[in-house]
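> Shown below is the structure under consideration.
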Amino acid sequence: MDEAGLIEDALRGDLDAFNRLVLASQDLLYHQAYRLMGEPQGAEDATQDAFIAAYRKLKTYRGGSFRAWLLRIVTNICYD
């Protein structure tokens with residue numbers, strides 16, 4: 001299934017679909033967090049917090065690049 005389909009399913013409450021989105025983007029988010037924080041444990045925590053925040057705020061996703069949306073979330077968490 002493509003990313004858009006997974007997002008639609010996740011919006012309808014399909015946790016498996018959201019987990020597939022996580023698996024597809026977890027390395028990207030971790031590397032972004034690591035670049036910003038410079039240490040592995042903080043990057044892991046920020047990545048996990050970003051996915052939790054994304055799941056809670058999934059209904060605010062307005063289309064466009066889902067990965068860019070996730071990267072913005074993890075970046076904001078790292079800055080906080």
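Chain lettering (A, B, ...) mirrors the order of the structure tokens, residue numbering begins at 1 for each chain separately, and ligand numbering begins at 1 in order of display.
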Pick out the residues sitting within 7 Å of region 43-60 of chain A, and hand them over as a compact mmCIF listing (two decimals) with C-alpha atoms, in the first residue's frame; count only C-alpha atoms, and ignore anything fewer than 4 positions along from it in its own chain.

```txt
# COMPACT_ATOMS: atom_id res chain seq x y z
CA LEU A 11 -6.77 8.47 10.16
CA LEU A 29 13.61 10.95 11.89
CA TYR A 30 16.34 9.44 14.06
CA ALA A 33 17.24 14.18 15.67
CA TYR A 34 20.82 12.95 15.97
CA MET A 37 21.09 16.79 19.35
CA GLU A 39 23.87 12.19 21.09
CA LEU A 70 7.18 14.30 10.61
CA ILE A 73 7.63 17.53 14.48
CA VAL A 74 10.94 15.89 15.41
CA ILE A 77 10.85 18.42 19.77
CA CYS A 78 14.63 18.61 19.54
```
> Run DSSP on the backbone and tell me which residues of chain A come out as helix (DSSP H, G or I); list them as a PyMOL selection string.
chain A and resi 3-11+15-37+40-56+58-60+66-79
> Go ahead and dump the residues you just picked, C-alpha atoms, as a PDB file, in the first residue's frame.

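The result, stored in part-v5.pdb:
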```pdb
ATOM      1  CA  GLU A   3       1.853   6.214   1.813  1.00  0.00           C
ATOM      2  CA  ALA A   4      -1.388   8.083   1.092  1.00  0.00           C
ATOM      3  CA  GLY A   5      -3.411   4.914   1.623  1.00  0.00           C
ATOM      4  CA  LEU A   6      -1.630   4.199   4.886  1.00  0.00           C
ATOM      5  CA  ILE A   7      -2.301   7.734   6.075  1.00  0.00           C
ATOM      6  CA  GLU A   8      -5.996   7.408   5.231  1.00  0.00           C
ATOM      7  CA  ASP A   9      -6.191   4.094   7.082  1.00  0.00           C
ATOM      8  CA  ALA A  10      -4.333   5.542  10.070  1.00  0.00           C
ATOM      9  CA  LEU A  11      -6.771   8.468  10.162  1.00  0.00           C
ATOM     10  CA  LEU A  15      -2.840   1.244  14.183  1.00  0.00           C
ATOM     11  CA  ASP A  16      -1.121  -1.227  11.833  1.00  0.00           C
ATOM     12  CA  ALA A  17      -1.168   1.388   9.083  1.00  0.00           C
ATOM     13  CA  PHE A  18       0.397   3.958  11.389  1.00  0.00           C
ATOM     14  CA  ASN A  19       3.031   1.427  12.460  1.00  0.00           C
ATOM     15  CA  ARG A  20       3.929   0.864   8.806  1.00  0.00           C
ATOM     16  CA  LEU A  21       4.369   4.620   8.396  1.00  0.00           C
ATOM     17  CA  VAL A  22       6.625   4.621  11.460  1.00  0.00           C
ATOM     18  CA  LEU A  23       8.759   1.802  10.087  1.00  0.00           C
ATOM     19  CA  ALA A  24       9.104   3.610   6.766  1.00  0.00           C
ATOM     20  CA  SER A  25      10.345   6.842   8.346  1.00  0.00           C
ATOM     21  CA  GLN A  26      11.968   5.982  11.666  1.00  0.00           C
ATOM     22  CA  ASP A  27      15.554   6.074  10.344  1.00  0.00           C
ATOM     23  CA  LEU A  28      14.984   9.437   8.679  1.00  0.00           C
ATOM     24  CA  LEU A  29      13.615  10.953  11.885  1.00  0.00           C
ATOM     25  CA  TYR A  30      16.340   9.439  14.055  1.00  0.00           C
ATOM     26  CA  HIS A  31      19.087  10.827  11.818  1.00  0.00           C
ATOM     27  CA  GLN A  32      17.489  14.275  11.871  1.00  0.00           C
ATOM     28  CA  ALA A  33      17.240  14.176  15.666  1.00  0.00           C
ATOM     29  CA  TYR A  34      20.824  12.953  15.973  1.00  0.00           C
ATOM     30  CA  ARG A  35      22.104  15.776  13.756  1.00  0.00           C
ATOM     31  CA  LEU A  36      20.323  18.307  15.946  1.00  0.00           C
ATOM     32  CA  MET A  37      21.094  16.794  19.354  1.00  0.00           C
ATOM     33  CA  PRO A  40      22.168   8.843  20.500  1.00  0.00           C
ATOM     34  CA  GLN A  41      19.947   8.570  23.582  1.00  0.00           C
ATOM     35  CA  GLY A  42      18.481  12.038  23.132  1.00  0.00           C
ATOM     36  CA  ALA A  43      17.890  11.327  19.453  1.00  0.00           C
ATOM     37  CA  GLU A  44      16.105   8.073  20.277  1.00  0.00           C
ATOM     38  CA  ASP A  45      13.908   9.826  22.827  1.00  0.00           C
ATOM     39  CA  ALA A  46      13.101  12.680  20.443  1.00  0.00           C
ATOM     40  CA  THR A  47      12.231  10.228  17.675  1.00  0.00           C
ATOM     41  CA  GLN A  48       9.897   8.281  19.938  1.00  0.00           C
ATOM     42  CA  ASP A  49       8.290  11.484  21.216  1.00  0.00           C
ATOM     43  CA  ALA A  50       7.817  12.668  17.622  1.00  0.00           C
ATOM     44  CA  PHE A  51       5.928   9.534  16.644  1.00  0.00           C
ATOM     45  CA  ILE A  52       3.732   9.776  19.728  1.00  0.00           C
ATOM     46  CA  ALA A  53       2.993  13.418  18.921  1.00  0.00           C
ATOM     47  CA  ALA A  54       2.321  12.571  15.274  1.00  0.00           C
ATOM     48  CA  TYR A  55      -0.134   9.850  16.260  1.00  0.00           C
ATOM     49  CA  ARG A  56      -1.969  12.199  18.606  1.00  0.00           C
ATOM     50  CA  LEU A  58      -2.609  12.940  12.899  1.00  0.00           C
ATOM     51  CA  LYS A  59      -5.936  14.661  12.258  1.00  0.00           C
ATOM     52  CA  THR A  60      -4.080  17.978  11.864  1.00  0.00           C
ATOM     53  CA  PHE A  66       4.070  13.303   5.256  1.00  0.00           C
ATOM     54  CA  ARG A  67       7.792  12.893   5.852  1.00  0.00           C
ATOM     55  CA  ALA A  68       8.290  16.661   5.884  1.00  0.00           C
ATOM     56  CA  TRP A  69       5.472  16.923   8.433  1.00  0.00           C
ATOM     57  CA  LEU A  70       7.181  14.295  10.607  1.00  0.00           C
ATOM     58  CA  LEU A  71      10.565  16.000  10.217  1.00  0.00           C
ATOM     59  CA  ARG A  72       9.070  19.281  11.402  1.00  0.00           C
ATOM     60  CA  ILE A  73       7.627  17.535  14.480  1.00  0.00           C
ATOM     61  CA  VAL A  74      10.937  15.892  15.413  1.00  0.00           C
ATOM     62  CA  THR A  75      12.822  19.136  14.777  1.00  0.00           C
ATOM     63  CA  ASN A  76      10.485  21.072  17.070  1.00  0.00           C
ATOM     64  CA  ILE A  77      10.848  18.416  19.770  1.00  0.00           C
ATOM     65  CA  CYS A  78      14.632  18.614  19.542  1.00  0.00           C
ATOM     66  CA  TYR A  79      14.531  22.394  19.887  1.00  0.00           C
TER      67      TYR A  79
END
```
